[in-house]
Each structure stands twice: as structure tokens, then as C-alpha cells.
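Engineer: The structure file run_9.cif (mmCIF, C-alpha atoms and all ligand atoms) is provided below.
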```cif
data_start
#
loop_
_atom_site.label_atom_id
_atom_site.label_comp_id
_atom_site.auth_asym_id
_atom_site.auth_seq_id
_atom_site.Cartn_x
_atom_site.Cartn_y
_atom_site.Cartn_z
CA MET A 461 -96.99 -149.27 47.94
CA ARG A 462 -98.24 -147.31 44.97
CA ALA A 463 -99.22 -149.35 41.89
CA MET A 464 -101.09 -148.95 38.62
CA LEU A 465 -103.59 -151.82 38.44
CA PHE A 466 -105.21 -153.43 35.42
CA ASP A 467 -108.73 -154.65 36.33
CA GLY A 468 -109.91 -155.88 32.95
CA VAL A 469 -110.31 -155.09 29.26
CA GLY A 470 -111.79 -151.70 28.45
CA ARG A 471 -110.83 -150.08 31.74
CA PRO A 472 -107.94 -147.66 32.20
CA LEU A 473 -105.25 -148.60 34.71
CA ARG A 474 -106.21 -147.55 38.24
CA GLU A 475 -103.78 -145.97 40.68
CA ALA A 476 -103.98 -147.79 44.01
CA GLU A 477 -102.24 -148.38 47.34
CA ILE A 478 -101.65 -152.11 47.73
CA ASP A 479 -99.48 -154.35 49.92
CA GLN A 480 -95.87 -154.95 48.92
CA PRO A 481 -95.53 -158.41 47.36
CA ALA A 482 -94.50 -161.24 49.69
CA ILE A 483 -91.48 -163.22 48.45
CA ASP A 484 -90.75 -166.93 48.51
CA ALA A 485 -87.35 -168.60 49.01
CA ASP A 486 -86.21 -168.10 45.39
CA GLN A 487 -87.45 -164.55 44.98
CA LEU A 488 -86.10 -161.06 45.24
CA LEU A 489 -88.10 -158.13 46.52
CA ILE A 490 -87.16 -155.30 44.19
CA ARG A 491 -87.62 -151.59 44.72
CA VAL A 492 -88.56 -150.60 41.17
CA ARG A 493 -86.87 -147.50 39.77
CA ALA A 494 -87.85 -147.58 36.08
CA CYS A 495 -90.15 -149.74 33.98
CA ALA A 496 -90.42 -149.54 30.21
CA VAL A 497 -93.76 -149.73 28.44
CA CYS A 498 -94.07 -152.39 25.74
CA ARG A 499 -96.53 -153.02 22.93
CA THR A 500 -97.29 -156.33 24.66
CA ASP A 501 -98.75 -154.25 27.53
CA LEU A 502 -101.20 -152.80 24.99
CA HIS A 503 -102.09 -156.32 23.83
CA VAL A 504 -102.92 -157.22 27.46
CA VAL A 505 -104.96 -154.05 28.01
CA ASP A 506 -106.83 -154.62 24.74
CA GLY A 507 -107.59 -158.28 25.50
CA ASP A 508 -105.53 -159.67 22.59
CA LEU A 509 -103.72 -161.77 25.22
CA LYS A 510 -106.42 -163.66 27.01
CA GLU A 511 -104.97 -165.01 30.26
CA PRO A 512 -103.76 -162.19 32.51
CA LYS A 513 -104.04 -162.55 36.28
CA LEU A 514 -106.49 -159.99 37.64
CA PRO A 515 -106.03 -157.51 39.04
CA LEU A 516 -102.62 -157.26 37.43
CA VAL A 517 -99.59 -155.03 37.75
CA LEU A 518 -98.31 -154.71 34.16
CA GLY A 519 -94.67 -154.17 33.22
CA HIS A 520 -92.05 -156.69 32.10
CA GLU A 521 -88.97 -154.59 31.53
CA PHE A 522 -87.99 -153.04 34.83
CA VAL A 523 -84.89 -152.09 36.72
CA GLY A 524 -84.56 -151.61 40.45
CA SER A 525 -82.54 -152.43 43.51
CA VAL A 526 -82.81 -155.56 45.60
CA ALA A 527 -84.63 -154.67 48.84
CA ASP A 528 -84.89 -158.18 50.30
CA VAL A 529 -83.97 -161.74 49.36
CA GLY A 530 -85.57 -165.16 49.95
CA ALA A 531 -83.76 -167.92 51.86
CA ARG A 532 -82.41 -169.73 48.77
CA VAL A 533 -81.24 -166.63 46.87
CA GLU A 534 -77.53 -166.76 46.09
CA ARG A 535 -77.19 -164.76 42.85
CA PHE A 536 -77.99 -161.30 44.24
CA THR A 537 -77.59 -159.41 47.50
CA VAL A 538 -79.55 -156.55 49.03
CA GLY A 539 -78.74 -153.22 47.37
CA GLU A 540 -77.64 -154.71 44.02
CA ARG A 541 -79.15 -153.37 40.81
CA VAL A 542 -81.20 -155.89 38.89
CA GLY A 543 -83.40 -156.09 35.79
CA VAL A 544 -86.45 -158.26 35.23
CA PRO A 545 -87.68 -159.45 31.80
CA TRP A 546 -90.85 -161.00 30.37
CA LEU A 547 -89.81 -164.62 31.07
CA GLY A 548 -90.56 -164.87 34.79
CA TRP A 549 -90.51 -168.59 35.52
CA THR A 550 -90.14 -171.92 33.68
CA CYS A 551 -90.66 -175.51 34.86
CA GLY A 552 -87.15 -176.72 34.01
CA GLU A 553 -88.37 -180.20 33.11
CA CYS A 554 -90.67 -180.15 30.06
CA ARG A 555 -89.39 -181.20 26.61
CA PHE A 556 -88.72 -177.55 25.73
CA CYS A 557 -86.93 -176.65 28.95
CA SER A 558 -84.75 -179.73 28.69
CA SER A 559 -83.68 -178.94 25.12
CA GLY A 560 -82.49 -175.35 25.53
CA ARG A 561 -85.84 -173.86 24.51
CA GLU A 562 -87.20 -172.58 27.79
CA ASN A 563 -88.81 -169.71 25.85
CA LEU A 564 -91.36 -172.32 24.73
CA CYS A 565 -91.89 -173.93 28.17
CA ASP A 566 -95.36 -175.44 28.49
CA ARG A 567 -95.79 -174.00 31.97
CA ALA A 568 -93.87 -170.72 31.59
CA ARG A 569 -95.10 -167.74 33.56
CA PHE A 570 -94.61 -164.23 32.30
CA THR A 571 -93.90 -161.01 34.14
CA GLY A 572 -96.58 -158.35 33.95
CA TYR A 573 -99.06 -160.95 32.66
CA GLN A 574 -99.35 -164.00 34.94
CA LEU A 575 -96.98 -162.47 37.51
CA ASP A 576 -97.21 -158.92 38.79
CA GLY A 577 -94.71 -156.63 37.11
CA GLY A 578 -93.05 -153.25 37.37
CA TYR A 579 -95.82 -150.65 37.16
CA ALA A 580 -95.48 -150.41 40.97
CA GLU A 581 -93.00 -149.30 43.62
CA TYR A 582 -92.06 -152.88 44.52
CA ALA A 583 -92.08 -156.17 42.63
CA ALA A 584 -91.15 -159.77 43.39
CA ALA A 585 -89.07 -161.75 40.88
CA ASP A 586 -87.44 -165.17 40.78
CA GLN A 587 -83.67 -164.63 41.13
CA ARG A 588 -82.96 -167.22 38.42
CA PHE A 589 -84.70 -165.10 35.79
CA ALA A 590 -83.34 -161.68 36.78
CA PHE A 591 -80.27 -160.08 35.21
CA PRO A 592 -77.49 -157.89 36.56
CA ILE A 593 -77.50 -154.57 34.65
CA PRO A 594 -74.27 -153.26 33.05
CA ALA A 595 -72.96 -150.31 35.08
CA GLY A 596 -72.88 -147.77 32.23
CA TYR A 597 -76.66 -147.63 31.85
CA PRO A 598 -78.75 -145.22 33.94
CA ASP A 599 -82.02 -146.79 35.18
CA LEU A 600 -84.33 -145.14 32.63
CA GLN A 601 -82.07 -146.08 29.71
CA ALA A 602 -81.56 -149.64 30.99
CA ALA A 603 -85.25 -150.55 31.32
CA PRO A 604 -86.00 -150.93 27.56
CA LEU A 605 -83.05 -153.32 27.20
CA LEU A 606 -85.08 -155.94 29.09
CA CYS A 607 -87.68 -156.54 26.39
CA ALA A 608 -87.18 -154.29 23.39
CA GLY A 609 -83.49 -155.17 23.69
CA LEU A 610 -83.68 -158.87 24.54
CA ILE A 611 -86.48 -159.89 22.22
CA GLY A 612 -85.17 -157.55 19.54
CA TYR A 613 -81.82 -159.28 19.82
CA ARG A 614 -83.35 -162.75 19.61
CA SER A 615 -85.25 -161.63 16.49
CA LEU A 616 -82.03 -160.35 14.95
CA ARG A 617 -80.28 -163.64 15.68
CA LEU A 618 -83.13 -165.59 14.06
CA ALA A 619 -82.86 -163.39 10.97
CA GLY A 620 -79.60 -165.24 10.31
CA ASP A 621 -76.57 -163.64 8.70
CA ALA A 622 -78.62 -161.37 6.43
CA GLU A 623 -76.57 -158.44 5.20
CA ARG A 624 -79.48 -156.31 3.96
CA LEU A 625 -81.98 -156.26 6.79
CA GLY A 626 -85.44 -154.68 6.69
CA LEU A 627 -87.22 -153.57 9.88
CA TYR A 628 -90.99 -153.05 9.75
CA GLY A 629 -92.16 -150.77 12.56
CA PHE A 630 -89.57 -148.44 14.03
CA GLY A 631 -90.29 -148.41 17.76
CA ALA A 632 -88.36 -149.36 20.87
CA ALA A 633 -87.11 -152.73 19.61
CA ALA A 634 -86.12 -151.54 16.13
CA HIS A 635 -84.16 -148.58 17.49
CA ILE A 636 -82.04 -151.00 19.53
CA VAL A 637 -81.77 -153.68 16.82
CA THR A 638 -80.56 -151.07 14.33
CA GLN A 639 -77.60 -150.23 16.53
CA VAL A 640 -76.62 -153.87 17.09
CA ALA A 641 -77.08 -154.72 13.41
CA ARG A 642 -74.96 -151.76 12.28
CA TYR A 643 -72.26 -152.87 14.74
CA GLN A 644 -72.37 -156.31 13.10
CA GLY A 645 -71.79 -154.68 9.72
CA ARG A 646 -75.28 -155.13 8.29
CA ARG A 647 -77.16 -152.67 6.11
CA LEU A 648 -80.47 -151.42 7.45
CA PHE A 649 -83.72 -150.55 5.69
CA ALA A 650 -86.51 -149.15 7.90
CA PHE A 651 -90.23 -149.18 7.16
CA THR A 652 -92.72 -147.06 9.11
CA LYS A 653 -96.42 -146.33 8.86
CA PRO A 654 -97.09 -144.28 5.73
CA GLY A 655 -96.55 -140.61 6.59
CA ASP A 656 -94.46 -141.17 9.72
CA LEU A 657 -91.66 -138.90 8.56
CA ALA A 658 -90.37 -138.38 12.11
CA GLY A 659 -89.98 -142.16 12.51
CA GLN A 660 -88.15 -142.38 9.19
CA ARG A 661 -85.82 -139.55 10.19
CA PHE A 662 -85.15 -141.28 13.53
CA ALA A 663 -84.24 -144.51 11.69
CA ARG A 664 -81.81 -142.67 9.42
CA GLU A 665 -80.21 -140.91 12.41
CA LEU A 666 -79.51 -144.33 13.94
CA GLY A 667 -77.84 -145.62 10.79
CA ALA A 668 -80.55 -146.97 8.49
CA GLU A 669 -79.36 -146.27 4.93
CA TRP A 670 -82.94 -146.07 3.68
CA ALA A 671 -86.21 -145.33 5.47
CA GLY A 672 -89.64 -145.23 3.91
CA SER A 673 -93.26 -146.32 4.22
CA SER A 674 -94.31 -149.93 4.68
CA ASP A 675 -96.16 -149.75 1.35
CA GLN A 676 -92.96 -148.83 -0.50
CA THR A 677 -90.52 -151.19 -2.20
CA PRO A 678 -86.98 -150.87 -0.79
CA PRO A 679 -84.30 -149.62 -3.22
CA GLU A 680 -82.83 -153.11 -3.39
CA PRO A 681 -83.98 -156.59 -2.34
CA LEU A 682 -83.53 -157.59 1.30
CA ASP A 683 -81.87 -160.71 2.67
CA ALA A 684 -84.18 -160.77 5.69
CA ALA A 685 -86.85 -158.69 7.38
CA ILE A 686 -88.05 -158.41 10.97
CA ILE A 687 -91.65 -157.33 11.54
CA PHE A 688 -92.18 -155.50 14.84
CA ALA A 689 -95.50 -153.84 13.95
CA PRO A 690 -98.57 -155.98 14.82
CA ALA A 691 -100.02 -155.80 11.31
CA GLY A 692 -100.60 -159.07 9.40
CA PRO A 693 -100.53 -157.45 5.92
CA LEU A 694 -96.83 -156.73 6.49
CA VAL A 695 -96.05 -160.46 6.16
CA PRO A 696 -96.77 -160.71 2.41
CA ALA A 697 -95.26 -157.23 1.95
CA ALA A 698 -92.02 -158.38 3.56
CA LEU A 699 -92.04 -161.67 1.62
CA ARG A 700 -92.20 -159.65 -1.58
CA ALA A 701 -89.20 -157.58 -0.41
CA VAL A 702 -86.84 -160.49 0.41
CA VAL A 703 -84.67 -162.46 -1.99
CA LYS A 704 -84.76 -166.23 -2.56
CA GLY A 705 -83.75 -167.99 0.66
CA GLY A 706 -84.67 -164.87 2.63
CA ARG A 707 -86.33 -164.90 6.03
CA VAL A 708 -89.24 -162.94 7.41
CA VAL A 709 -89.24 -162.91 11.22
CA CYS A 710 -92.40 -161.90 13.09
CA ALA A 711 -91.22 -160.51 16.42
CA GLY A 712 -94.47 -159.52 18.13
CA ILE A 713 -96.62 -161.62 20.46
CA HIS A 714 -99.80 -160.74 18.59
CA MET A 715 -100.57 -159.74 15.02
CA SER A 716 -103.73 -158.98 13.09
CA GLU A 717 -104.78 -161.60 10.55
CA ILE A 718 -102.32 -162.31 7.75
CA PRO A 719 -104.08 -161.95 4.40
CA ALA A 720 -103.95 -164.79 1.87
CA PHE A 721 -101.04 -164.54 -0.54
CA PRO A 722 -99.87 -166.37 -3.66
CA TYR A 723 -97.47 -169.25 -3.07
CA GLU A 724 -94.98 -167.74 -5.48
CA ILE A 725 -93.91 -165.09 -2.93
CA LEU A 726 -92.96 -167.85 -0.47
CA TRP A 727 -91.43 -170.07 -3.16
CA GLY A 728 -87.65 -169.97 -3.55
CA GLU A 729 -87.06 -171.24 -0.01
CA ARG A 730 -88.21 -168.06 1.63
CA GLN A 731 -89.19 -168.59 5.27
CA VAL A 732 -91.65 -167.02 7.65
CA ARG A 733 -91.20 -167.60 11.36
CA SER A 734 -92.22 -166.11 14.68
CA VAL A 735 -90.15 -165.28 17.73
CA ALA A 736 -91.59 -166.29 21.08
CA ASN A 737 -90.35 -164.86 24.37
CA LEU A 738 -86.68 -165.21 25.32
CA THR A 739 -84.30 -167.58 27.01
CA ARG A 740 -81.93 -166.62 29.79
CA ALA A 741 -79.09 -167.39 27.38
CA ASP A 742 -80.41 -164.64 25.05
CA GLY A 743 -80.29 -162.24 27.97
CA LYS A 744 -76.76 -163.14 28.97
CA GLU A 745 -75.53 -162.72 25.41
CA PHE A 746 -77.36 -159.44 24.83
CA PHE A 747 -76.13 -157.86 28.07
CA ARG A 748 -72.56 -158.76 27.03
CA ILE A 749 -72.97 -157.21 23.57
CA ALA A 750 -75.01 -154.10 24.45
CA PRO A 751 -72.18 -152.20 26.18
CA GLU A 752 -69.75 -153.26 23.41
CA VAL A 753 -71.84 -151.70 20.62
CA PRO A 754 -72.58 -149.59 22.71
CA VAL A 755 -76.37 -149.61 22.47
CA ARG A 756 -77.83 -146.28 23.57
CA THR A 757 -81.54 -146.17 24.20
CA GLU A 758 -83.64 -143.11 23.60
CA VAL A 759 -86.36 -142.85 26.21
CA GLN A 760 -89.50 -140.81 26.76
CA PRO A 761 -90.08 -140.79 30.55
CA TYR A 762 -93.41 -140.53 32.43
CA PRO A 763 -94.27 -140.55 36.12
CA LEU A 764 -95.82 -143.85 37.29
CA SER A 765 -99.24 -142.22 37.68
CA ASP A 766 -99.16 -141.29 33.95
CA ALA A 767 -98.98 -144.94 32.82
CA ASN A 768 -102.26 -144.56 30.92
CA ALA A 769 -100.86 -141.60 28.99
CA ALA A 770 -97.71 -143.58 28.19
CA LEU A 771 -99.79 -146.48 26.84
CA ASP A 772 -101.88 -144.08 24.81
CA ASP A 773 -98.83 -142.36 23.32
CA LEU A 774 -97.42 -145.76 22.37
CA ARG A 775 -100.71 -146.72 20.73
CA GLN A 776 -100.81 -143.46 18.75
CA GLY A 777 -97.19 -143.74 17.60
CA ARG A 778 -96.14 -140.66 19.59
CA VAL A 779 -93.09 -142.27 21.23
CA ARG A 780 -89.57 -141.77 19.92
CA GLY A 781 -87.54 -144.76 21.11
CA ALA A 782 -89.06 -146.26 24.27
CA ALA A 783 -91.67 -145.00 26.74
CA VAL A 784 -90.42 -145.56 30.30
CA LEU A 785 -92.15 -145.06 33.64
CA ALA A 786 -89.91 -143.31 36.14
CA VAL A 787 -91.33 -145.20 39.11
CA ASP A 788 -88.79 -143.39 41.26
CA ASP A 789 -89.87 -139.74 40.74
CA GLY A 790 -86.32 -138.58 41.41
CA LEU A 791 -85.29 -139.90 37.97
CA LEU A 792 -87.47 -137.25 36.32
CA GLN A 793 -85.72 -134.44 38.19
CA GLU A 794 -82.25 -135.78 37.36
CA ARG A 795 -82.91 -135.31 33.67
ZN ZN B 801 -92.22 -156.53 25.83
ZN ZN B 802 -90.73 -176.15 30.89
#
```
How does the structure come out when it is put into C-alpha cells?

Structural biologist:
Amino acid sequence: MRAMLFDGVGRPLREAEIDQPAIDADQLLIRVRACAVCRTDLHVVDGDLKEPKLPLVLGHEFVGSVADVGARVERFTVGERVGVPWLGWTCGECRFCSSGRENLCDRARFTGYQLDGGYAEYAAADQRFAFPIPAGYPDLQAAPLLCAGLIGYRSLRLAGDAERLGLYGFGAAAHIVTQVARYQGRRLFAFTKPGDLAGQRFARELGAEWAGSSDQTPPEPLDAAIIFAPAGPLVPAALRAVVKGGRVVCAGIHMSEIPAFPYEILWGERQVRSVANLTRADGKEFFRIAPEVPVRTEVQPYPLSDANAALDDLRQGRVRGAAVLAVDDGLLQER
């Protein structure tokens, strides 16, 4: 099969012919049709995340059809459409797994990091961690739901019942969260890199009532903020923007150093917290809500062999919505 392989930090992904993955009794063999590109992939490529398997097939938000099933698989049958997220396997017995917090499992394994992912024509995935995909979503539009959607949704839930919600960084996750949050009756305030007028316009089109630069003060105080951009200085900026009792949720897996800040901006029972990974319960809930909203994803498609260009565009802020690899070339022609 054709795959884009990551060999190590500082090297571009390499297109290669490799064997299809072998599956065990709990796994599905999936013919990948579309795989979204996530900022976490950049953190792997850049070495911010230190423990990838090597060589590695990146990609933890992919959609495809089941091509084969292991002996114990009972949730899916051959031919069914399925989506695979970042959480690829958990132990089921550690203190986190046994208290409804499998996202924090001590022995968790992650797709496109410790397990090969979707930047390839075929992938293996544990049936227990895969999701059925709602019928209304074409493959390219469904792929970003699996990380930008799921982890965005978990971040939104952890922001509490905030009415005035700020989003720092308006990429794939924020464009989905905005739609869900509007549906829930919240008011949205979007912050982009200074000068990113296209990003600010995009946020307003999706229902943000205000969009500006991350160095600006919003027109009124916020009840909570979610930080999607991997920039530590946004933490004190967001703390300054939220009211007493407000929450600042850091949604990314990696962030540059957070600068020192005076205690008074945390005082007043403001909270800062991170969001780590997802649980299967998050996925179930999100895939029920997404078609109700209905969430519509905006995608920028690339052929599989252009994965390096997709990563580069994401790094440079040249993606509107989500970058998605059309692993099945036919999806590019259908558009
Ligand atoms: Zn991701
Ligand atoms: Zn565990």
C-alpha cells in the first residue's frame, strides 16, 4: 500500500510502498478514504512530542470502510464506514480507566503516534475505539470531526456553561466549536493572530459576534475562553479577558512556555486547566450532537502524496477550516 512515512524530526514525510497492516482479533483493517491533518501532527514532526514509533504513519482523524475484521470483532462488519480518533487503545484497568477517565490512562496508546494512523491507504484500528460515522457527512467533511470535533467538543464541555465564550486560534477545532456553541445559545468572541483578517472574517461568517487579534481586549468580559493556538502567552491574555469565576481551557497537546503573570489575574476564582485526549463517551455524545446542530466542516483537500504541503500550509496558517488528505483520489474528482 501507499503511505507517507515519518522517519524522524527534521525530515519531510517520505512516500513509500509498505505492507498492509496485519490485524489482531480485536482490530479492523480499514481502507482509508480521508484523513484530516491536525496541529498535533506538526508537534510530532517537530519533535515537541517525544515518543513516536518510528517509522510512523501519522494521522489520527480518518474515515474509511472496513476491509477485514479480526476474530473477536462484533461492533462492525466488512463494508461499514468507520472513523478512527486519537485515542487508539487503553488498558481498561488503571485508576483512570476504572473511574471514567480513560483519556488519562497510564498505558494509553494514540493513533498516528504510537500506532500507525491514516496517512496511508490502509490502517488497523481496535474496534472498541472506532466510531460509526453519521450518514449525512461525506468522507472529507467527516474526517475533521474525529479530532478537531471530538477534542473541540470536550474543550467546550470543560468550559462549563459560559455564555460569553472566547476562542483563541481559529482553526479546525474552533470552526467546529463555534457552530456547536452557537447552537447551545452561547455568544462567541474569536481571537486570531494579529493581522489574520481572513481568519477573523471566517469566524464572523460562522457566527462569532466579534473577531479580532489575540492582543486585543474583547468588547466585553468573557465567561470562559478556550485556547487552541499553541502559544503560552495567550494564557495570561485570556485570564485578563475572563470575569471572576471564569475558566481558561488549554485545548492543545503542546504549548510554548507560559510567561510569569501576577497572581491578581488568577485571583477571583478564575481557573486554568488543560484538556487531554478524549474518552469514547465524548465521541458518542459528539456524534449524536453534530448532525443535530448540524455541524458543517469546511475542508481544504490534498492528495495523500501532498501531505508535506498540507502540514506546511497548516503551519503557515494558510488553511481555512481543516486540511484533509483525500487518500482515495476519487474524492478530489467528486468535488
Ligand atoms: Zn488532533
Ligand atoms: Zn488505563

Engineer: Which residues, written as JSON, numbers by chain, have at least one atom at most 8 Å from Leu465 (chain A), with only C-alpha atoms counted and residues fewer than 5 positions away on the same chain left out?

Structural biologist: {"A": [473, 474, 475, 476, 515, 516, 517, 518, 579]}

Engineer: As a list in words, please: the residues near Phe747 (chain A) (cut-off 9 Å, all atoms listed in the file, same-chain neighbours under 6 positions excluded).

Structural biologist: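 The contact residues come out as Phe591, Pro592, Ile593, Pro594, Leu605, Gly609 and Leu610 of chain A.
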
Engineer: For each of A:Leu489, A:Val640, A:Ala494, A:Val732, take the minimum atom-to-atom distance to Leu616 (chain A), counting all atoms listed in the file, then give the residue where this is smallest.

Structural biologist: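 Residue with the minimum atom-to-atom distance to Leu616 (chain A): A:Val640.
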
Engineer: When you count only C-alpha atoms, which of these residues is closest to Gly548 (chain A): A:Arg624, A:Arg642, A:Arg775, A:Arg567?

Structural biologist: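 Answer, going by the shortest atom-to-atom distance: A:Arg567.
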
Engineer: Counting all atoms listed in the file, what is within 9 Å of Leu625 (chain A), bar same-chain residues fewer than 3 positions away, as a PyMOL selection string?

Structural biologist: chain A and resi 619+622+641+646-650+682-686

Engineer: Grab me every residue within 7 Å of ligand ZN 801 (chain B), counting all atoms listed in the file, and send it over as a ChimeraX atom specification.

Structural biologist: /A:498-500,520-521,546,607-608

Engineer: Could you tell me, counting all atoms listed in the file, which protein and nucleic acid residues lie no more than 9 Å from ligand ZN 802 (chain B), written as a PyMOL selection string?

Structural biologist: chain A and resi 549-558+561-568

Engineer: Provide the CA of Arg541 (chain A) to CA of Gly578 (chain A) distance in Å, to one decimal place.

Structural biologist: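 Distance between the two atoms: 14.3 Å.
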
Engineer: Up to 12 Å from (-82.5, -139.4, 40.2) in the file's coordinates: name the residues, counting all atoms listed in the file, as a list in words.

Structural biologist: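 Checked against the point, the hits come out as Arg493, Ala494, Pro598, Asp599, Leu600, Ala786, Val787, Asp788, Asp789, Gly790, Leu791, Leu792, Gln793, Glu794 and Arg795 of chain A.
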
Engineer: Measuring between only C-alpha atoms, which one of A:Gly560, A:Gly572, A:Pro545, A:Gly712 shows the shortest distance to Lys513 (chain A)?

Structural biologist: A:Gly572

Engineer: Give me, please, the distance in Å between CA of Gly705 (chain A) and CA of Phe651 (chain A), quoted to one decimal.

Structural biologist: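 These two atoms are separated by 20.9 Å.
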
Engineer: Rounded to one decimal place, report the CA of Pro763 (chain A)-CA of Asp528 (chain A) distance in Å.

Structural biologist: 24.5 Å

Engineer: Can you pull out the residues contacting Gln587 (chain A)? Cut-off 6 Å, using all atoms listed in the file, and skip same-chain residues under 2 positions away; I want them as an MDAnalysis selection string.

Structural biologist: chainID A and resid 487:488 589:590

Engineer: Which is closer to Pro696 (chain A) than all the others in A:Met464, A:Val709, A:Val526, A:Val779, using only C-alpha atoms?

Structural biologist: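 Of the candidates, the smallest distance to Pro696 (chain A) is held by A:Val709.
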
Engineer: Pick out the residues sitting within 10 Å of Gly728 (chain A), and hand them over as a list of chain:residue names; count all atoms listed in the file, and ignore anything fewer than 5 positions along from it in its own chain.

Structural biologist: A:Val703, A:Lys704, A:Gly705, A:Gly706, A:Tyr723

Engineer: Could N, CA, C and O atoms be built for region 776-788 of chain A and written out as a tab-separated table (two decimals), in the coordinates of the input?

Structural biologist:
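File rebuild05.tsv, as written:
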```
chain	number	residue	atom	x	y	z
A	776	GLN	N	-100.66	-144.47	19.81
A	776	GLN	CA	-100.81	-143.46	18.75
A	776	GLN	C	-99.51	-143.21	17.99
A	776	GLN	O	-99.47	-142.32	17.13
A	777	GLY	N	-98.46	-143.93	18.31
A	777	GLY	CA	-97.19	-143.74	17.60
A	777	GLY	C	-96.50	-142.43	17.96
A	777	GLY	O	-95.78	-141.86	17.16
A	778	ARG	N	-96.72	-141.94	19.19
A	778	ARG	CA	-96.14	-140.66	19.59
A	778	ARG	C	-94.88	-140.84	20.43
A	778	ARG	O	-94.45	-139.91	21.11
A	779	VAL	N	-94.28	-142.04	20.41
A	779	VAL	CA	-93.09	-142.27	21.23
A	779	VAL	C	-91.88	-142.39	20.32
A	779	VAL	O	-91.90	-143.12	19.33
A	780	ARG	N	-90.83	-141.64	20.64
A	780	ARG	CA	-89.57	-141.77	19.92
A	780	ARG	C	-88.66	-142.64	20.78
A	780	ARG	O	-88.34	-142.27	21.92
A	781	GLY	N	-88.30	-143.82	20.29
A	781	GLY	CA	-87.54	-144.76	21.11
A	781	GLY	C	-88.50	-145.52	22.01
A	781	GLY	O	-89.46	-146.11	21.55
A	782	ALA	N	-88.25	-145.48	23.33
A	782	ALA	CA	-89.06	-146.26	24.27
A	782	ALA	C	-89.72	-145.37	25.32
A	782	ALA	O	-89.09	-144.45	25.84
A	783	ALA	N	-90.99	-145.66	25.62
A	783	ALA	CA	-91.67	-145.00	26.74
A	783	ALA	C	-91.25	-145.72	28.02
A	783	ALA	O	-91.24	-146.94	28.07
A	784	VAL	N	-90.89	-144.95	29.04
A	784	VAL	CA	-90.42	-145.56	30.30
A	784	VAL	C	-91.08	-144.85	31.48
A	784	VAL	O	-91.10	-143.61	31.53
A	785	LEU	N	-91.60	-145.63	32.42
A	785	LEU	CA	-92.15	-145.06	33.64
A	785	LEU	C	-91.01	-144.85	34.64
A	785	LEU	O	-90.28	-145.80	34.96
A	786	ALA	N	-90.88	-143.60	35.08
A	786	ALA	CA	-89.91	-143.31	36.14
A	786	ALA	C	-90.64	-143.57	37.45
A	786	ALA	O	-91.28	-142.68	38.00
A	787	VAL	N	-90.58	-144.82	37.90
A	787	VAL	CA	-91.33	-145.20	39.11
A	787	VAL	C	-90.75	-144.44	40.30
A	787	VAL	O	-91.47	-144.00	41.19
A	788	ASP	N	-89.45	-144.26	40.30
A	788	ASP	CA	-88.79	-143.39	41.26
A	788	ASP	C	-88.84	-141.97	40.68
A	788	ASP	O	-88.15	-141.66	39.71
```
